[in-house]
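The structure appears below as structure tokens.
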Amino acid sequence: MAEMDTSSSGGKGKKHGGTKSKKQSTRVDMTPMVDLGFLLITFFMLTTTMSKPKTMDLIMPKDTENEKDQNKVKESTALTILLGKDNRVYYYEGLAQDPNASANPDFFKATSFANTGGIRDEIIKKRDEVAKLRNAKGEPEDVVVIIKADDQANYKNFVDILDEMAINRIQRYATVDISDQDKKWIQSTEAANGVSTTPTPPAK
Amino acid sequence: MPKVKMPRKSTNIDMTAMCDVAFLLLTFFMLATKFKPDEPVTVVTPSSINTTLLPDSDVLLFTVDKDGRVFFSMDGQPKRRKLIEDLNTQYKLGLDEKEMKNFVVGASVGAQIKDLKQYLSLSEEQRKTAGLDKGIPTDSANGELGAWIDYGNAAQGTNLNKVKYCIKADNQTPYPKIKEILDTFKKKKIQKLNLVTNLEEAPKGTAAWEEQQAGGKKK
């Protein structure tokens, strides 16, 4: 652009062929200013839309004292997920109401929040398994995920696991207080795994 | 080719008009941008795939930092004024006009109600150095959090059913603290809560991702 300017003014000068003193234009090149203006606009536009935080709906159940009002979960459709410290996740199938359930060494398993081979794969596996089951009316069963967070868990784990429910479109899940039995299992699993920070891959 | 007499047109365009427009837009966006209100603590929220936007108004926001301190904030200056006046009369805090004003225009507060007078008389930096940013107590024995919810509700006036209860907690907040807060809400018979999160993409190959893809194609 700058070149063009000089050539045109130079041409003019040659045509007239007269005085050599250049006529200084009063015009200022506005281009850089406009550039700057639009750059700032872009910045403000992008920052305004991007800083909007999102929310996750969380609907808590009502406290029901009446035993009859409480939903019963079938052992076969349940998947219990425990959140431990250092972003560790433990899970087992069913509700573990049977105290002898832990006799099976494969019963209580550890996993992680990893994208592959983590808790998500287990949720999907269980969901698809349960979808094959039929209830008394012959309709497919829904998986029920029971979430229990240990005292060592943090808020991120809690949101992450709720997010997994949203990601995998699990319709029925509940957050339940952790039981002493679950705590014991977590402790023994941690002890068995030593202090290694890398969670053991899920036993397939 | 012989030189055709072509009137040499200048390639310069008058940029003034464009410049005007650019700066008009710039001014608009600068004024329209609502800057994040100063928060007493920095909170890094976890991310989720939810795309629901946090509403701008009718929000009771409870910020929880990584040590589990709870801070309360609410939008709308008239509502904030009503809240602090109610608190003042109910708890006989003896706040003066300046301290109330401090609450009305200020950001989040997080102190025990009995410390409110001292808390509000100080500036934000002073609060930090004086160690008054202790957060609202949430334990069930003297659950002042419940009181804040009640007074927040009372200040909403007629549009109580529009109010959203948002919890903005840090990644590292210990779960028992969150549970205490959730239990407080449960006791107040508030079942619908909003957790403030950042947006993240739904991971590929999952149910939510497929839904998004299908939804995108329809549009």
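Ordering of the structure tokens sets the chain letters (A, B, ...); residue numbers start at 1 within each chain; ligands are numbered from 1 in the order shown.
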Where in range 12-189 of chain B does DSSP assign strand (DSSP E or B), given as a list in words?
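Matching residues for strand (DSSP E or B) in range 12-189 of chain B are Ser47, Ser48, Leu53, Val59, Leu60, Leu61, Phe62, Thr63, Val64, Val70, Phe71, Phe72, Ser73, Met74, Val109, Lys164, Tyr165, Cys166, Ile167, Lys168, Ala169 and Pro174 of chain B.
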Could I get the residues of chain B with an atom no further than 7 Å from an atom of chain A, each paired with its nearest atom pair and that distance in Å to one decimal, using only C-alpha atoms, sorted by chain and residue number, as JSON lines?
```
{"residue": "B:Met15", "atom": "CA", "partner": "A:Met30", "partner_atom": "CA", "distance": 5.4}
{"residue": "B:Thr16", "atom": "CA", "partner": "A:Met30", "partner_atom": "CA", "distance": 6.7}
{"residue": "B:Met18", "atom": "CA", "partner": "A:Val34", "partner_atom": "CA", "distance": 6.9}
{"residue": "B:Cys19", "atom": "CA", "partner": "A:Val34", "partner_atom": "CA", "distance": 5.0}
{"residue": "B:Ala22", "atom": "CA", "partner": "A:Gly37", "partner_atom": "CA", "distance": 5.5}
{"residue": "B:Phe23", "atom": "CA", "partner": "A:Gly37", "partner_atom": "CA", "distance": 5.9}
{"residue": "B:Leu25", "atom": "CA", "partner": "A:Ile41", "partner_atom": "CA", "distance": 6.7}
{"residue": "B:Leu26", "atom": "CA", "partner": "A:Ile41", "partner_atom": "CA", "distance": 5.0}
{"residue": "B:Phe29", "atom": "CA", "partner": "A:Phe44", "partner_atom": "CA", "distance": 6.1}
{"residue": "B:Met30", "atom": "CA", "partner": "A:Phe44", "partner_atom": "CA", "distance": 6.7}
{"residue": "B:Thr33", "atom": "CA", "partner": "A:Thr48", "partner_atom": "CA", "distance": 6.0}
{"residue": "B:Pro46", "atom": "CA", "partner": "A:Lys156", "partner_atom": "CA", "distance": 5.6}
{"residue": "B:Ser48", "atom": "CA", "partner": "A:Asp163", "partner_atom": "CA", "distance": 5.6}
{"residue": "B:Ile49", "atom": "CA", "partner": "A:Asp163", "partner_atom": "CA", "distance": 6.7}
{"residue": "B:Asn50", "atom": "CA", "partner": "A:Met56", "partner_atom": "CA", "distance": 5.8}
{"residue": "B:Thr51", "atom": "CA", "partner": "A:Lys54", "partner_atom": "CA", "distance": 5.9}
{"residue": "B:Thr52", "atom": "CA", "partner": "A:Lys54", "partner_atom": "CA", "distance": 5.5}
{"residue": "B:Leu53", "atom": "CA", "partner": "A:Lys54", "partner_atom": "CA", "distance": 4.6}
{"residue": "B:Leu54", "atom": "CA", "partner": "A:Lys54", "partner_atom": "CA", "distance": 5.2}
{"residue": "B:Asp170", "atom": "CA", "partner": "A:Tyr155", "partner_atom": "CA", "distance": 6.8}
{"residue": "B:Asn171", "atom": "CA", "partner": "A:Lys156", "partner_atom": "CA", "distance": 4.4}
{"residue": "B:Gln172", "atom": "CA", "partner": "A:Asn154", "partner_atom": "CA", "distance": 5.4}
{"residue": "B:Thr173", "atom": "CA", "partner": "A:Tyr155", "partner_atom": "CA", "distance": 5.2}
{"residue": "B:Pro174", "atom": "CA", "partner": "A:Asn154", "partner_atom": "CA", "distance": 4.2}
{"residue": "B:Tyr175", "atom": "CA", "partner": "A:Asn154", "partner_atom": "CA", "distance": 4.6}
{"residue": "B:Pro176", "atom": "CA", "partner": "A:Asp151", "partner_atom": "CA", "distance": 5.6}
{"residue": "B:Gln191", "atom": "CA", "partner": "A:Met60", "partner_atom": "CA", "distance": 4.6}
{"residue": "B:Lys192", "atom": "CA", "partner": "A:Ile59", "partner_atom": "CA", "distance": 4.5}
{"residue": "B:Leu193", "atom": "CA", "partner": "A:Leu58", "partner_atom": "CA", "distance": 5.0}
{"residue": "B:Asn194", "atom": "CA", "partner": "A:Asp57", "partner_atom": "CA", "distance": 4.6}
{"residue": "B:Leu195", "atom": "CA", "partner": "A:Met56", "partner_atom": "CA", "distance": 4.9}
{"residue": "B:Val196", "atom": "CA", "partner": "A:Thr55", "partner_atom": "CA", "distance": 4.3}
{"residue": "B:Thr197", "atom": "CA", "partner": "A:Lys54", "partner_atom": "CA", "distance": 5.3}
{"residue": "B:Asn198", "atom": "CA", "partner": "A:Lys54", "partner_atom": "CA", "distance": 5.7}
{"residue": "B:Leu199", "atom": "CA", "partner": "A:Lys54", "partner_atom": "CA", "distance": 6.3}
{"residue": "B:Ala202", "atom": "CA", "partner": "A:Ile167", "partner_atom": "CA", "distance": 6.5}
{"residue": "B:Thr206", "atom": "CA", "partner": "A:Asn168", "partner_atom": "CA", "distance": 6.1}
{"residue": "B:Ala207", "atom": "CA", "partner": "A:Asn168", "partner_atom": "CA", "distance": 5.1}
{"residue": "B:Ala208", "atom": "CA", "partner": "A:Ile167", "partner_atom": "CA", "distance": 4.8}
```
To one decimal place, how far is CA of Glu122 in chain A from CA of Pro203 in chain B in Å?
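That distance, rounded to one decimal, is 15.1 Å.
You can rank A:Ala78, A:Ile178, A:Leu95, A:Ile119 by their closest distance to Lys179 in chain B using only C-alpha atoms, and at the top of that list sits A:Ile178.
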